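Asks: Below: one structure in structure tokens.
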Amino acid sequence: MLTRLPYTLLWLLALPLVLLRLLWRGRRQPGYVRHLGERFGHYRVRAPGAVIWVHAVSVGETRAAEPLVRALLERWPEHSVLLTHMTPTGRDTSRALFGNDARVLRAYLPYDIGCFTHAFLRHFRPRFGVVMETELWPNLLAACRRRRIPVMLANARLSERSARRYARLPALTALTMRALSVIGAQSAADAARLSQLGARRVSVTGNIKFDIAPPQAALQLAATLRARIGPRPVVLAASTREGEEALLVEAFARQAAADVLLLLVPRHPQRFDEVAAAVGAAGLKLQRRSAEAAVDAETRVLLGDSMGEMFAYYATADVALIGGSWLPLGGQNLIEACAVGTPVVVGPHTFNFQLIAEEAVRCGAALRADDADAGMAAALALLADVPRREAMAAAGRSFATLHQGATRRTVDILEGLEASEGELRARAGR
């Protein structure tokens, strides 16, 4: 408790600013101010039975959690799964993935202050929890440990940069790591970095994102989009971040032939209008995917202004440039592109997905370019080289298939964890 006290005091001091920032963001994205009470531990939604809690911060973690959630529902059919998020886009993504399934609940995780976290745990009383990737809340995890709620950090990844940041607070980090019951790391390098920070019971389970299968509805949508586009070659700029669109659009305008279409998909929906305005300012004709109209021959950019359709966008494209990698932002996941056989070009900044990017390049599923200009040039060159595109597509599918199985390994660990905790509860009851 003494180790966590300065952390808690900082949270209390920052809470008014956090709330103001939430309200400010709500001006552009109203979802931030909906369900506001949940961020302070007040919930209306109630589970019909026993609860398994899965925390997925935002869009990427929620997509990654999809195969795990489905596996949990199959393994524990009498349970509900509570998906908690920190962003409205994460919450919207879970709704898109699981629809109106009554066994999948969604809520915001409360801020990490004792009274809020205790209210959350009292309300939902989860049998066990799964935290996706590396989202560590010291007070919440300590409360789970006191209540004997086992928590697994699943699909865990920790870059060297993040490890250095956690190492600045060694006592708090080690205490938080030890509050976890078990950790399933994506790679041996992730496992080693987590262990160095004080984690125990760390095993390498692989990356759950490889177990995400392209939904049939997404493939059907891709066929529809292709029919609207026609025979034109398509370069996809996927999950782009602020500052990258301008670089990629400028490179496209300088280098691409008039018949090539740029399919531009910003990562954050609140930026759709901003990106559309930037494309117009560059002098390129733009249409929006949401218009659901045939793409004119004069249109140079199709804006992917939708959520939950990345598989469809990847399946539509002839080659994909991966966002987040053209500025020092860490890159985005390229597994979905490989799974549908779309050749990939990544930039120099892939530290959030370093191992995956390196292996994809090594096996021939991806190319690496030094900057946005070089990346666009590489993508356009691939459009003209059909044999190489086909070879990269085959390599990508093999790469995605080879690394599957993390979901099964994670569920196996959770079964053992739940069984051992159940035995301890039974002994305590006697």
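Residues in the structure tokens are numbered from 1 in each chain, the chains being A, B, ... in the order shown, and ligands are numbered from 1 in the order shown.
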I need the residues in range 41-195 of chain A that are strand (DSSP E) according to DSSP; give them as a PyMOL selection string.
Replies: chain A and resi 50-55+79-85+104-108+128-132+151-156+182-185
Asks: Could you build a table of the residues in range 250-341 of chain A lying no more than 12 Å from range 25-37 of chain A, giving for each the nearest pair of atoms and their separation in Å rounded to one decimal place, using only C-alpha atoms, ordered by chain and ascending residue number, as CSV?
Replies:
```
residue,atom,partner,partner_atom,distance
A:His268,CA,A:Gln29,CA,10.3
A:Pro269,CA,A:Gln29,CA,8.7
A:Gln270,CA,A:Gln29,CA,6.3
A:Arg271,CA,A:Arg28,CA,9.2
A:Phe272,CA,A:Arg28,CA,11.4
A:Asp273,CA,A:Arg28,CA,11.0
A:Glu274,CA,A:Arg28,CA,11.5
```
Asks: Kindly export the residues of the current selection with N, CA and C atoms, as a short mmCIF file (atom, residue, chain, number, x, y, z; two decimals), in the first residue's frame.
Replies:
```cif
data_model
loop_
_atom_site.label_atom_id
_atom_site.label_comp_id
_atom_site.auth_asym_id
_atom_site.auth_seq_id
_atom_site.Cartn_x
_atom_site.Cartn_y
_atom_site.Cartn_z
N HIS A 268 -8.28 6.65 -36.56
CA HIS A 268 -9.23 7.22 -35.60
C HIS A 268 -10.39 7.89 -36.32
N PRO A 269 -11.63 7.49 -36.03
CA PRO A 269 -12.79 8.00 -36.78
C PRO A 269 -13.01 9.50 -36.61
N GLN A 270 -12.58 10.07 -35.49
CA GLN A 270 -12.79 11.51 -35.30
C GLN A 270 -11.98 12.34 -36.28
N ARG A 271 -11.06 11.71 -37.01
CA ARG A 271 -10.21 12.43 -37.96
C ARG A 271 -10.67 12.28 -39.41
N PHE A 272 -11.76 11.58 -39.64
CA PHE A 272 -12.20 11.34 -41.02
C PHE A 272 -12.40 12.66 -41.79
N ASP A 273 -13.12 13.59 -41.19
CA ASP A 273 -13.38 14.85 -41.88
C ASP A 273 -12.10 15.64 -42.10
N GLU A 274 -11.22 15.65 -41.12
CA GLU A 274 -9.94 16.35 -41.22
C GLU A 274 -9.11 15.79 -42.37
#
```
Asks: From the list A:Arg147, A:Ser290, A:Asn333, A:Phe399, which residue is nearest Arg362 in chain A when using only C-alpha atoms?
Replies: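 With only C-alpha atoms as the atom set, the closest residue is A:Phe399.
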Asks: Have a look at A:Ala154, A:Ala102, A:Val51, A:Ala357 and name the one nearest to Leu68 in chain A; count only C-alpha atoms.
Replies: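 Answer, going by the shortest atom-to-atom distance: A:Ala154.
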Asks: Find the residues near Pro138 in chain A: any atom within 8 Å, counting only C-alpha atoms, skip ones fewer than 2 places away on the same chain, and give them as a ChimeraX atom specification.
Replies: /A:4,112,136,140-142,172,175-176
